[in-house]
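Next comes query.cif, with mmCIF, C-alpha atoms and all ligand atoms.
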data_final
loop_
_atom_site.label_atom_id
_atom_site.label_comp_id
_atom_site.auth_asym_id
_atom_site.auth_seq_id
_atom_site.Cartn_x
_atom_site.Cartn_y
_atom_site.Cartn_z
CA MET A 389 -5.48 13.86 33.45
CA ASN A 390 -3.99 16.47 35.72
CA ASN A 391 -0.89 14.71 36.81
CA THR A 392 2.41 15.42 35.17
CA ILE A 393 3.36 11.99 34.03
CA SER A 394 0.21 10.95 32.29
CA ALA A 395 -0.21 14.49 30.94
CA ARG A 396 3.19 14.17 29.38
CA LEU A 397 2.27 10.80 27.99
CA ALA A 398 -0.86 12.19 26.43
CA CYS A 399 1.17 14.98 24.88
CA SER A 400 3.98 12.75 23.77
CA ALA A 401 3.77 13.04 20.04
CA LEU A 402 5.43 9.75 19.67
CA VAL A 403 4.01 6.67 21.19
CA PHE A 404 0.48 7.71 21.91
CA PHE A 405 -0.64 9.89 19.05
CA PHE A 406 -2.30 7.05 17.27
CA SER A 407 -2.39 4.41 19.91
CA ILE A 408 -5.21 4.12 22.32
CA GLY A 409 -5.41 6.19 25.40
CA SER A 410 -2.71 6.89 27.89
CA SER A 411 -1.63 5.16 31.01
CA GLY A 412 -4.39 5.50 33.56
CA ALA A 413 -1.69 4.61 36.07
CA ALA A 414 -2.19 6.06 39.50
CA GLN A 415 0.56 8.59 40.08
CA PRO A 416 0.65 11.11 42.88
CA SER A 417 -0.74 14.44 41.68
CA PRO A 418 1.53 17.45 42.07
CA GLN A 419 0.20 20.55 43.78
CA SER A 420 0.69 22.82 40.81
CA LYS A 421 0.07 22.38 37.11
CA PRO A 422 2.98 20.93 35.12
CA GLU A 423 5.01 23.50 33.26
CA THR A 424 5.09 23.49 29.47
CA VAL A 425 8.65 23.92 28.29
CA LYS A 426 9.86 24.42 24.77
CA ILE A 427 13.07 22.52 24.25
CA GLY A 428 15.56 23.83 21.77
CA SER A 429 19.05 23.19 20.54
CA SER A 430 21.45 25.69 22.04
CA ASP A 431 24.92 26.33 23.42
CA ASP A 432 23.65 24.82 26.68
CA TYR A 433 24.53 21.45 25.25
CA ASP A 434 28.11 22.34 24.45
CA LEU A 435 30.29 19.92 26.37
CA ASN A 436 33.21 22.32 26.16
CA ASN A 437 31.59 24.19 29.02
CA LEU A 438 31.96 21.17 31.28
CA PRO A 439 34.96 20.82 33.59
CA ASP A 440 37.30 17.84 33.22
CA ASP A 441 36.12 16.23 36.45
CA HIS A 442 34.40 12.88 37.15
CA TYR A 443 30.98 14.11 36.05
CA GLY A 444 32.31 15.94 33.00
CA ARG A 445 34.25 12.94 31.80
CA LEU A 446 31.30 10.61 32.21
CA VAL A 447 29.01 13.00 30.31
CA ARG A 448 31.57 13.17 27.48
CA TYR A 449 31.74 9.38 27.41
CA GLY A 450 27.93 9.28 27.18
CA LYS A 451 28.04 11.55 24.14
CA LYS A 452 30.70 9.37 22.54
CA LEU A 453 28.57 6.28 23.20
CA THR A 454 25.64 8.06 21.55
CA ASP A 455 27.56 9.06 18.41
CA GLU A 456 29.97 6.15 18.05
CA THR A 457 28.05 3.32 19.66
CA TYR A 458 29.49 0.86 17.12
CA ALA A 459 33.07 1.76 18.07
CA VAL A 460 32.64 1.23 21.83
CA ILE A 461 29.87 -1.33 22.40
CA GLY A 462 29.19 -2.54 18.84
CA PRO A 463 29.32 -6.12 17.53
CA GLU A 464 32.75 -5.65 15.95
CA VAL A 465 34.72 -4.24 18.91
CA LYS A 466 37.79 -6.22 19.98
CA ASN A 467 36.68 -7.19 23.48
CA PRO A 468 33.77 -9.67 23.15
CA LYS A 469 32.50 -8.68 26.59
CA MET A 470 31.91 -5.14 25.32
CA ARG A 471 29.74 -6.26 22.42
CA TYR A 472 26.41 -5.09 23.76
CA ALA A 473 24.89 -3.68 20.58
CA GLY A 474 24.00 -6.30 17.97
CA ASN A 475 24.22 -3.94 14.98
CA ASN A 476 26.55 -1.18 13.85
CA LEU A 477 24.07 1.66 14.17
CA ALA A 478 24.67 4.56 16.55
CA CYS A 479 22.08 5.92 18.94
CA SER A 480 22.45 9.11 16.88
CA SER A 481 21.33 7.23 13.74
CA CYS A 482 17.84 8.04 15.02
CA HIS A 483 18.44 10.41 17.98
CA GLN A 484 20.03 12.85 15.55
CA GLU A 485 22.72 15.39 16.39
CA SER A 486 23.87 13.48 19.45
CA GLY A 487 20.34 13.45 20.85
CA THR A 488 19.98 17.24 20.79
CA LEU A 489 17.79 17.74 17.71
CA VAL A 490 14.25 18.89 18.47
CA ASN A 491 11.56 16.47 17.22
CA ALA A 492 14.16 13.77 16.56
CA ILE A 493 13.42 11.95 19.84
CA PRO A 494 15.89 14.23 21.65
CA PHE A 495 17.50 13.16 24.90
CA ILE A 496 16.97 16.71 26.17
CA GLY A 497 14.50 16.50 29.04
CA VAL A 498 14.21 12.71 29.25
CA SER A 499 15.66 12.76 32.76
CA ALA A 500 12.76 15.04 33.74
CA VAL A 501 10.07 12.58 32.60
CA PHE A 502 11.45 9.23 33.80
CA PRO A 503 10.47 7.12 35.74
CA GLN A 504 7.43 6.87 33.51
CA TYR A 505 4.56 4.46 32.91
CA ARG A 506 5.22 2.53 29.68
CA PRO A 507 2.50 0.53 27.95
CA ARG A 508 5.02 -1.81 26.32
CA GLU A 509 5.94 -3.12 29.75
CA ASP A 510 2.67 -2.14 31.48
CA ASP A 511 4.88 -0.89 34.26
CA VAL A 512 6.81 2.14 35.38
CA SER A 513 10.22 2.19 33.66
CA THR A 514 13.32 3.97 34.84
CA ILE A 515 15.57 5.75 32.38
CA GLU A 516 18.00 2.81 32.54
CA GLU A 517 15.25 0.42 31.53
CA ARG A 518 14.25 2.72 28.68
CA ILE A 519 17.84 2.86 27.42
CA ASN A 520 17.96 -0.92 27.48
CA GLY A 521 14.69 -0.98 25.53
CA CYS A 522 16.54 0.66 22.63
CA MET A 523 19.61 -1.52 23.25
CA GLN A 524 17.56 -4.68 22.80
CA ARG A 525 15.43 -3.48 19.91
CA SER A 526 16.79 -0.50 17.95
CA MET A 527 20.34 -1.78 18.51
CA ASN A 528 19.26 -5.45 18.34
CA GLY A 529 21.58 -6.15 21.28
CA ARG A 530 21.61 -7.03 24.96
CA ALA A 531 20.94 -5.00 28.06
CA LEU A 532 23.70 -2.93 29.65
CA PRO A 533 24.18 -3.74 33.34
CA PHE A 534 22.80 -0.86 35.44
CA ASP A 535 26.10 -0.47 37.29
CA SER A 536 28.26 -0.46 34.15
CA LYS A 537 30.26 2.62 33.29
CA GLU A 538 28.43 2.73 29.94
CA MET A 539 24.95 2.85 31.50
CA LYS A 540 26.09 5.50 33.98
CA ALA A 541 27.53 7.47 31.06
CA TYR A 542 24.26 7.42 29.11
CA VAL A 543 22.29 8.41 32.19
CA SER A 544 24.76 11.22 32.98
CA TYR A 545 24.73 12.54 29.43
CA MET A 546 20.92 12.62 29.43
CA HIS A 547 21.02 14.28 32.84
CA PHE A 548 23.37 16.96 31.50
CA LEU A 549 21.05 17.57 28.53
CA SER A 550 18.03 17.76 30.82
CA ARG A 551 19.28 20.09 33.50
CA ALA A 552 17.24 23.10 32.33
CA ILE A 553 13.97 21.14 32.26
CA PRO A 554 11.89 21.00 35.47
CA ILE A 555 10.89 17.48 36.56
CA GLY A 556 7.53 16.48 35.16
CA SER A 557 7.41 19.18 32.48
CA ILE A 558 5.30 18.88 29.38
CA MET A 559 7.82 19.36 26.60
CA GLU A 560 7.32 20.82 23.16
CA GLY A 561 9.76 19.30 20.72
CA SER A 562 10.20 15.94 22.43
CA GLY A 563 9.62 12.67 20.59
CA LEU A 564 8.67 12.84 16.93
CA LYS A 565 6.26 15.31 15.34
CA PRO A 566 2.82 13.72 14.96
CA ILE A 567 1.11 13.23 11.61
CA LYS A 568 -2.42 12.05 11.06
CA PRO A 569 -2.13 8.96 8.86
CA PRO A 570 -4.08 8.96 5.59
CA ASP A 571 -7.44 7.21 5.70
CA ARG A 572 -6.40 4.21 3.60
CA ALA A 573 -4.05 1.25 3.67
CA ALA A 574 -0.45 2.20 2.96
CA ASN A 575 1.01 0.93 -0.30
CA PRO A 576 4.48 -0.63 -0.04
CA GLN A 577 4.86 -0.90 -3.86
CA ALA A 578 4.30 2.84 -4.28
CA GLY A 579 6.71 3.26 -1.36
CA GLY A 580 9.34 1.27 -3.24
CA GLN A 581 9.17 3.67 -6.17
CA LEU A 582 9.46 6.65 -3.86
CA PHE A 583 12.39 4.97 -2.15
CA ALA A 584 14.23 4.66 -5.47
CA ARG A 585 13.73 8.36 -6.14
CA ASN A 586 14.35 9.81 -2.68
CA CYS A 587 16.41 7.48 -0.53
CA VAL A 588 18.58 5.16 -2.62
CA LYS A 589 21.22 7.81 -3.26
CA CYS A 590 22.13 7.73 0.42
CA HIS A 591 20.77 4.47 1.88
CA GLY A 592 21.50 2.25 -1.16
CA ALA A 593 19.19 0.16 -3.35
CA GLU A 594 19.12 -2.65 -0.80
CA GLY A 595 18.67 -0.27 2.13
CA GLN A 596 22.12 -1.40 3.20
CA GLY A 597 23.50 2.06 3.94
CA GLU A 598 27.07 3.10 3.43
CA ARG A 599 29.81 1.85 5.71
CA THR A 600 32.50 4.25 6.86
CA GLY A 601 35.21 1.62 6.56
CA LYS A 602 35.22 -2.13 6.06
CA ILE A 603 33.14 -4.92 7.59
CA GLY A 604 34.73 -5.90 10.88
CA ASP A 605 36.50 -2.61 11.65
CA ALA A 606 33.84 -1.27 14.06
CA GLN A 607 33.74 2.09 12.27
CA GLY A 608 29.99 2.06 11.65
CA TYR A 609 28.21 3.85 8.85
CA ASP A 610 28.22 7.20 7.07
CA VAL A 611 24.60 6.38 6.25
CA PRO A 612 22.94 3.69 8.39
CA PRO A 613 21.14 0.63 6.97
CA LEU A 614 17.33 0.61 7.04
CA TRP A 615 16.83 -3.14 6.97
CA GLY A 616 18.77 -6.39 6.77
CA LYS A 617 20.82 -8.12 9.45
CA ASP A 618 22.71 -4.99 10.58
CA SER A 619 19.57 -2.95 11.22
CA PHE A 620 17.04 -2.50 14.07
CA ASN A 621 14.92 -5.56 14.85
CA ASP A 622 11.19 -6.12 14.42
CA GLY A 623 10.44 -5.16 18.03
CA ALA A 624 11.88 -1.63 17.59
CA GLY A 625 9.72 1.48 17.61
CA MET A 626 11.04 2.34 14.14
CA ASN A 627 9.50 -0.89 12.84
CA ARG A 628 6.03 0.53 13.50
CA LEU A 629 4.65 2.12 10.36
CA LEU A 630 3.42 5.32 12.02
CA VAL A 631 6.75 5.88 13.79
CA ALA A 632 8.77 5.34 10.60
CA MET A 633 6.36 7.64 8.76
CA ARG A 634 6.90 10.53 11.16
CA PHE A 635 10.64 10.07 11.21
CA THR A 636 10.87 9.90 7.41
CA LYS A 637 8.71 12.95 6.79
CA HIS A 638 10.14 15.32 9.36
CA ASN A 639 13.68 14.03 9.85
CA MET A 640 14.76 12.76 6.44
CA VAL A 641 13.24 14.28 3.30
CA LYS A 642 11.15 17.24 4.32
CA ALA A 643 9.53 17.76 0.90
CA LEU A 644 7.54 14.52 1.18
CA SER A 645 3.76 14.70 1.51
CA ASP A 646 2.03 12.76 4.30
CA ASP A 647 0.84 10.23 1.72
CA GLN A 648 4.33 9.69 0.38
CA ALA A 649 5.84 9.28 3.85
CA TYR A 650 3.06 6.79 4.66
CA ASP A 651 3.87 4.60 1.64
CA LEU A 652 7.62 4.91 2.20
CA ALA A 653 7.22 3.73 5.77
CA ALA A 654 5.17 0.78 4.48
CA TYR A 655 8.05 -0.13 2.19
CA ILE A 656 10.56 0.00 5.05
CA VAL A 657 8.47 -2.11 7.44
CA SER A 658 7.84 -4.68 4.68
CA GLN A 659 11.57 -5.47 4.48
CA PRO A 660 13.42 -8.28 6.30
CA ARG A 661 15.20 -7.51 9.58
CA PRO A 662 16.34 -9.35 12.72
CA HIS A 663 13.62 -10.90 14.84
CA LYS A 664 13.08 -10.06 18.50
CA THR A 665 11.85 -13.06 20.48
CA ASN A 666 8.93 -12.94 22.91
CA LEU A 667 7.15 -10.06 21.20
CA ASP A 668 3.87 -11.58 22.35
CA LYS A 669 4.86 -10.43 25.85
CA ASP A 670 4.98 -6.78 24.76
CA PHE A 671 2.01 -4.62 25.78
CA PRO A 672 0.70 -7.18 28.26
CA ALA A 673 -2.25 -4.90 29.04
CA ARG A 674 -3.70 -5.47 25.59
CA TRP A 675 -5.99 -2.44 25.73
CA ASN A 676 -3.09 -0.08 25.23
CA LYS A 677 -1.24 -1.92 22.48
CA PRO A 678 -0.62 0.55 19.61
CA VAL A 679 -2.64 -0.30 16.52
CA ASP A 680 0.50 -0.37 14.34
CA ALA A 681 2.39 -2.84 16.56
CA ALA A 682 2.26 -5.50 13.86
CA PHE A 683 2.86 -8.67 15.83
CA PRO A 684 0.42 -11.05 17.55
CA PRO A 685 -1.67 -11.37 19.58
CA TYR A 686 -4.29 -9.14 17.98
CA VAL A 687 -7.24 -8.71 20.26
CA ASP A 688 -9.49 -6.79 17.87
CA GLY A 689 -10.08 -9.51 15.27
CA ALA A 690 -8.44 -7.44 12.50
CA SER A 691 -5.87 -9.04 10.21
CA PRO A 692 -2.09 -8.89 10.78
CA GLU A 693 -1.96 -7.17 7.37
CA GLN A 694 -4.17 -4.31 8.59
CA HIS A 695 -2.09 -3.87 11.73
CA LYS A 696 0.96 -3.54 9.53
CA TYR A 697 -0.34 -1.30 6.73
CA GLY A 698 -3.61 0.19 7.97
CA PRO A 699 -6.07 1.74 7.49
CA PHE A 700 -5.51 2.58 11.15
CA GLY A 701 -8.55 4.78 11.84
CA PRO A 702 -10.99 1.84 12.11
CA LEU A 703 -8.52 -0.05 14.33
CA THR A 704 -8.28 2.90 16.69
CA GLU A 705 -12.07 3.13 16.85
CA LYS A 706 -12.34 -0.61 17.52
CA MET A 707 -9.79 -0.44 20.34
CA LYS A 708 -11.74 2.42 21.94
CA GLU A 709 -14.84 0.19 21.89
CA LEU A 710 -12.97 -2.78 23.36
CA LYS A 711 -11.09 -0.81 26.00
CA SER A 712 -13.40 -1.35 28.94
CA SER A 713 -13.94 -5.08 28.30
CA LEU A 714 -10.18 -5.59 27.85
CA MET A 715 -9.52 -3.72 31.07
CA GLN A 716 -11.92 -5.87 33.04
CA GLY A 717 -10.17 -8.03 35.56
CA THR A 718 -6.91 -6.11 35.19
CA GLY A 719 -7.63 -4.00 38.26
CA LYS A 720 -7.21 -0.90 36.12
CA LEU A 721 -10.84 0.12 35.65
C1 LIG B 1 16.54 2.76 14.85
C2 LIG B 1 16.30 3.99 15.56
C3 LIG B 1 16.80 4.12 16.99
C4 LIG B 1 18.06 3.88 17.49
C5 LIG B 1 19.28 3.41 16.74
C6 LIG B 1 17.99 4.17 18.92
N1 LIG B 1 16.75 4.58 19.26
FE1 LIG B 1 16.14 5.22 21.09
N2 LIG B 1 14.24 5.52 20.36
C7 LIG B 1 13.84 5.28 19.06
C8 LIG B 1 12.43 5.53 18.95
C9 LIG B 1 11.60 5.40 17.67
C10 LIG B 1 11.99 5.92 20.22
C11 LIG B 1 10.60 6.29 20.60
C12 LIG B 1 9.83 5.22 21.29
C13 LIG B 1 9.45 4.01 20.58
O1 LIG B 1 8.48 4.04 19.81
O2 LIG B 1 10.11 2.97 20.81
C14 LIG B 1 13.16 5.92 21.09
C15 LIG B 1 13.15 6.31 22.42
C16 LIG B 1 14.28 6.40 23.23
C17 LIG B 1 14.29 6.97 24.57
C18 LIG B 1 13.10 7.63 25.27
C19 LIG B 1 12.90 9.02 24.72
C20 LIG B 1 11.66 9.73 25.20
O3 LIG B 1 11.44 10.87 24.71
O4 LIG B 1 10.90 9.20 26.00
C21 LIG B 1 15.57 6.87 25.04
C22 LIG B 1 16.08 7.34 26.39
C23 LIG B 1 16.35 6.21 24.00
N3 LIG B 1 15.53 5.95 22.93
C24 LIG B 1 17.70 5.91 24.10
C25 LIG B 1 18.44 5.32 23.08
C26 LIG B 1 19.85 4.96 23.22
C27 LIG B 1 20.69 5.20 24.45
C28 LIG B 1 20.22 4.42 22.02
C29 LIG B 1 21.56 3.81 21.66
C30 LIG B 1 22.06 2.81 22.57
C31 LIG B 1 19.05 4.45 21.14
N4 LIG B 1 18.00 4.98 21.82
C32 LIG B 1 19.06 4.02 19.81
C33 LIG B 1 14.64 4.91 18.02
C34 LIG B 1 15.98 4.56 18.12
C1 LIG B 2 21.26 12.90 2.17
C2 LIG B 2 21.34 11.51 2.55
C3 LIG B 2 20.05 10.85 3.03
C4 LIG B 2 18.85 10.74 2.34
C5 LIG B 2 18.49 11.30 0.97
C6 LIG B 2 17.98 9.96 3.19
N1 LIG B 2 18.62 9.61 4.35
FE1 LIG B 2 17.83 8.53 5.90
N2 LIG B 2 19.50 8.84 6.98
C7 LIG B 2 20.64 9.51 6.54
C8 LIG B 2 21.60 9.61 7.64
C9 LIG B 2 22.98 10.24 7.55
C10 LIG B 2 20.98 9.01 8.76
C11 LIG B 2 21.52 8.95 10.18
C12 LIG B 2 20.95 10.08 11.02
C13 LIG B 2 21.55 11.40 10.72
O1 LIG B 2 22.79 11.50 10.65
O2 LIG B 2 20.79 12.37 10.51
C14 LIG B 2 19.68 8.52 8.31
C15 LIG B 2 18.78 7.82 9.11
C16 LIG B 2 17.59 7.25 8.67
C17 LIG B 2 16.74 6.40 9.45
C18 LIG B 2 16.96 5.96 10.90
C19 LIG B 2 18.18 5.10 11.09
C20 LIG B 2 18.11 3.72 10.48
O3 LIG B 2 19.18 3.17 10.15
O4 LIG B 2 17.02 3.14 10.32
C21 LIG B 2 15.65 6.09 8.68
C22 LIG B 2 14.47 5.21 9.05
C23 LIG B 2 15.84 6.74 7.40
N3 LIG B 2 17.03 7.43 7.43
C24 LIG B 2 14.96 6.67 6.33
C25 LIG B 2 15.13 7.38 5.15
C26 LIG B 2 14.16 7.37 4.06
C27 LIG B 2 12.87 6.56 4.04
C28 LIG B 2 14.64 8.21 3.10
C29 LIG B 2 13.99 8.60 1.79
C30 LIG B 2 12.73 9.30 1.94
C31 LIG B 2 15.90 8.73 3.56
N4 LIG B 2 16.16 8.19 4.81
C32 LIG B 2 16.69 9.60 2.84
C33 LIG B 2 20.85 9.99 5.27
C34 LIG B 2 19.89 10.14 4.30
#
I'd like the structure from this file rewritten - as C-alpha cells, please.
Amino acid sequence: MNNTISARLACSALVFFFSIGSSGAAQPSPQSKPETVKIGSSDDYDLNNLPDDHYGRLVRYGKKLTDETYAVIGPEVKNPKMRYAGNNLACSSCHQESGTLVNAIPFIGVSAVFPQYRPREDDVSTIEERINGCMQRSMNGRALPFDSKEMKAYVSYMHFLSRAIPIGSIMEGSGLKPIKPPDRAANPQAGGQLFARNCVKCHGAEGQGERTGKIGDAQGYDVPPLWGKDSFNDGAGMNRLLVAMRFTKHNMVKALSDDQAYDLAAYIVSQPRPHKTNLDKDFPARWNKPVDAAFPPYVDGASPEQHKYGPFGPLTEKMKELKSSLMQGTGKL
C-alpha cells in the first residue's frame, strides 16, 4: 500500500471506510512517499483573484454550474438540448459552499487524485467520468459530452480549486468524515420521528424541500428535496445508508448522535426516489462492492434488508472471508 493512489483510496473517508478493502490495482509506485495535505477553506478559492481571460471565465462558469446547476443544465431550462440534469438539485446541494467546504466532499484537490481506480466501475476513472457519475446518479440525468463547454468548465473549476495540492497527495478533509456505524440494524421508524423533530422545518414533511420559485421556472430550491421524483436516484452515493449517515451527522444537524444519524439515514433511504437502470452492472468485481450498496446481486447470501439497514459489521466480516474466492479468476489475486 505504498503507492499514492491506493493509499489515498484507503484513506478516503468516504467510499471505503466501511466497504471492503481498497483497489489492489497495479499503479506505478512513486519514488517518494505521498504527501499528506490538510485542505482548508481560504481566500485561495476567491474567484475575484482570477483575471477575466479564457481560463478565468471558464472557471467562473464552472462555479456557476456547481451552484446553479438547475438554471443552466437542469430539467426546466428553455433549451431542451441543455437539459442534462434530471432533477433541480445543484452540485452544491451536497458539495456544499460551491465545493469548497472541508468534509463535505469538497472539489478541492480532486484534480490531484484523478485518474483513480473506482470499484463501482472496476476501472480507472478520469475526472470527467467521475463528474458524469454524479450527473447520472445524484443529478438523475445524462452524461455531459467530454468536449462540451460545461464539462470543460467543471474540470477547470476543480483544477482551480486543486492548484495548491500536489498530485497524488493524501488529503485530510476530503470526502465525508467517517463514522463507525452502530452494531445493530438501523431503525427507519425511529428515524422518521427524528426527521419530524430535526429536518421537517427545512426539508418539509414529505422531504420535498422548498422551491425558490415555481415549478417550471428553473430556479431550483432554497432547501433541496431528499426524496421523490426531483431527488437523487437509487444508484447515487447518497442513497447508501452509511454515506447519508455521515452527511447528515457532520453536514446537517451537528448535535445528532451517531445512533440518531444512523436511524435518520435509514428513514431517508427507505423513501421512494427515481430508479437507475442497470445497477446490477455496478461493482462488477463483486469482492469490492460496499456492504451498504442495497441492490442485487448480493454475493454473501445476506438479505437485501440487511444490506439496506445493517447490521453492517457481520457483512463486512463475511466479505473479508469471501474476498479471495470472489477474486479467483478475475486476474486480480
Ligand atoms: C445528492 C448529493 C450529490 C449531488 C447533488 C452531487 N454529488 Fe457529487 N458526490 C456525492 C457523493 C456522496 C460523492 C462521494 C462518492 C459516492 O459515494 O458516490 C460524490 C463525489 C463526487 C466527486 C468525487 C469527489 C472525490 O473526493 O473523489 C466529484 C468530482 C463530484 N461528486 C462531482 C459532482 C458534480 C459536478 C455534481 C453536479 C453536477 C455533483 N457531484 C452532484 C454526492 C452528490
Ligand atoms: C436549517 C435548514 C436545514 C435543516 C434543519 C436540515 N437541512 Fe438538510 N439541507 C439544507 C440545505 C440548505 C441543503 C443544501 C446544502 C447546503 O446549502 O448546505 C441541505 C442538504 C441536505 C442533503 C443533501 C442534498 C439532498 O437534496 O439530498 C441531505 C441528505 C440532507 N440535507 C439531510 C438532512 C437531514 C436528514 C436533516 C435533519 C437531521 C436536515 N437535512 C436538516 C437545509 C437544512
Contacts with ligand LIG 2 (chain B) at most 7 Å, only C-alpha atoms and all ligand atoms counted, listed as an MDAnalysis selection string
chainID A and resid 477 480:482 484:485 583 586:587 589:591 610:614 619:620 626 632 635:636 640:641 652:653
Pick out the residues no farther than 6 Å from ligand LIG 1 (chain B), counting only C-alpha atoms and all ligand atoms, and list them as a count of residues only.
21
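Using only C-alpha atoms for every distance, the candidate list A:Thr457, A:Gln596, A:Ser550, A:Thr514 yields A:Ser550 as the residue closest to Gly428 in chain A.
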I need the residue nearest Gly556 in chain A from this list: A:Leu644, A:Leu453, A:Ala500, A:Ala690. Use all atoms listed in the file for the distance.
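Distance minimum relative to Gly556 in chain A lands on A:Ala500.
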What are the nearest atom pairs, with distances in Å to one decimal, for all residues of range 556-648 of chain A that come at most 7 Å from range 693-701 of chain A, using only C-alpha atoms, set out by chain and rising residue number as CSV?
residue,atom,partner,partner_atom,distance
A:Asp571,CA,A:Pro699,CA,5.9
A:Arg572,CA,A:Pro699,CA,4.6
A:Ala573,CA,A:Pro699,CA,4.3
A:Ala574,CA,A:Tyr697,CA,5.1
A:Leu629,CA,A:Lys696,CA,6.8
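Of the listed residues (A:Ala473, A:Ile496, A:Leu714, A:Leu549), A:Ala473 comes nearest to Glu456 in chain A; the distances count only C-alpha atoms.
For the set A:Leu630, A:Met707, A:Ile656, A:Val501, the residue with the smallest atom-to-atom gap to Asp680 in chain A is A:Leu630, counting all atoms listed in the file.
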Pairwise distance for CA of Gly561 in chain A and CA of Glu538 in chain A, rounded to one decimal in Å
26.6 Å
For CA of Met633 in chain A and CA of Glu709 in chain A, determine how far apart the two atoms are, in Å to one decimal place.
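Taking CA of Met633 in chain A and CA of Glu709 in chain A, their separation equals 26.0 Å.
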Taking the block above, write range 436-495 of chain A with C-alpha atoms as a CSV table (one decimal), in the first residue's frame.
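Ended up saving to result-v4.csv:
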chain,number,residue,atom,x,y,z
A,436,ASN,CA,-12.2,37.6,-7.7
A,437,ASN,CA,-8.5,37.0,-7.9
A,438,LEU,CA,-8.8,35.4,-11.3
A,439,PRO,CA,-8.2,37.5,-14.4
A,440,ASP,CA,-11.1,37.9,-17.0
A,441,ASP,CA,-9.3,35.7,-19.6
A,442,HIS,CA,-10.3,32.4,-21.2
A,443,TYR,CA,-9.3,30.3,-18.2
A,444,GLY,CA,-10.8,32.7,-15.7
A,445,ARG,CA,-14.1,32.8,-17.5
A,446,LEU,CA,-14.4,29.0,-17.7
A,447,VAL,CA,-13.6,28.6,-14.0
A,448,ARG,CA,-16.3,31.1,-13.2
A,449,TYR,CA,-18.7,29.2,-15.4
A,450,GLY,CA,-17.8,26.0,-13.5
A,451,LYS,CA,-18.6,27.6,-10.2
A,452,LYS,CA,-22.0,28.8,-11.6
A,453,LEU,CA,-22.7,25.3,-12.9
A,454,THR,CA,-21.9,24.0,-9.4
A,455,ASP,CA,-24.2,26.5,-7.5
A,456,GLU,CA,-27.0,26.9,-10.1
A,457,THR,CA,-26.9,23.6,-11.9
A,458,TYR,CA,-30.7,23.7,-12.3
A,459,ALA,CA,-30.6,27.1,-14.0
A,460,VAL,CA,-28.1,26.1,-16.7
A,461,ILE,CA,-28.3,22.4,-17.3
A,462,GLY,CA,-31.5,21.5,-15.3
A,463,PRO,CA,-34.6,19.8,-16.5
A,464,GLU,CA,-36.6,23.1,-16.7
A,465,VAL,CA,-34.2,25.2,-18.8
A,466,LYS,CA,-35.6,26.5,-22.1
A,467,ASN,CA,-33.3,24.8,-24.5
A,468,PRO,CA,-34.1,21.0,-24.4
A,469,LYS,CA,-30.6,20.2,-25.6
A,470,MET,CA,-29.2,21.7,-22.4
A,471,ARG,CA,-31.3,19.6,-20.1
A,472,TYR,CA,-28.6,17.3,-18.8
A,473,ALA,CA,-29.6,17.1,-15.2
A,474,GLY,CA,-32.8,15.2,-14.5
A,475,ASN,CA,-33.6,17.0,-11.2
A,476,ASN,CA,-33.4,20.5,-9.9
A,477,LEU,CA,-30.7,19.9,-7.3
A,478,ALA,CA,-27.4,21.8,-7.6
A,479,CYS,CA,-24.0,20.1,-7.2
A,480,SER,CA,-23.7,22.4,-4.2
A,481,SER,CA,-26.7,20.7,-2.6
A,482,CYS,CA,-24.2,18.1,-1.4
A,483,HIS,CA,-20.8,19.6,-2.3
A,484,GLN,CA,-21.6,22.5,0.0
A,485,GLU,CA,-20.3,26.0,-0.3
A,486,SER,CA,-19.6,25.7,-4.0
A,487,GLY,CA,-17.5,22.6,-3.4
A,488,THR,CA,-15.1,24.3,-1.0
A,489,LEU,CA,-16.3,23.1,2.4
A,490,VAL,CA,-14.0,20.7,4.1
A,491,ASN,CA,-15.5,17.2,4.8
A,492,ALA,CA,-18.5,18.0,2.5
A,493,ILE,CA,-17.0,16.1,-0.4
A,494,PRO,CA,-15.0,19.2,-1.5
A,495,PHE,CA,-13.8,19.6,-5.0
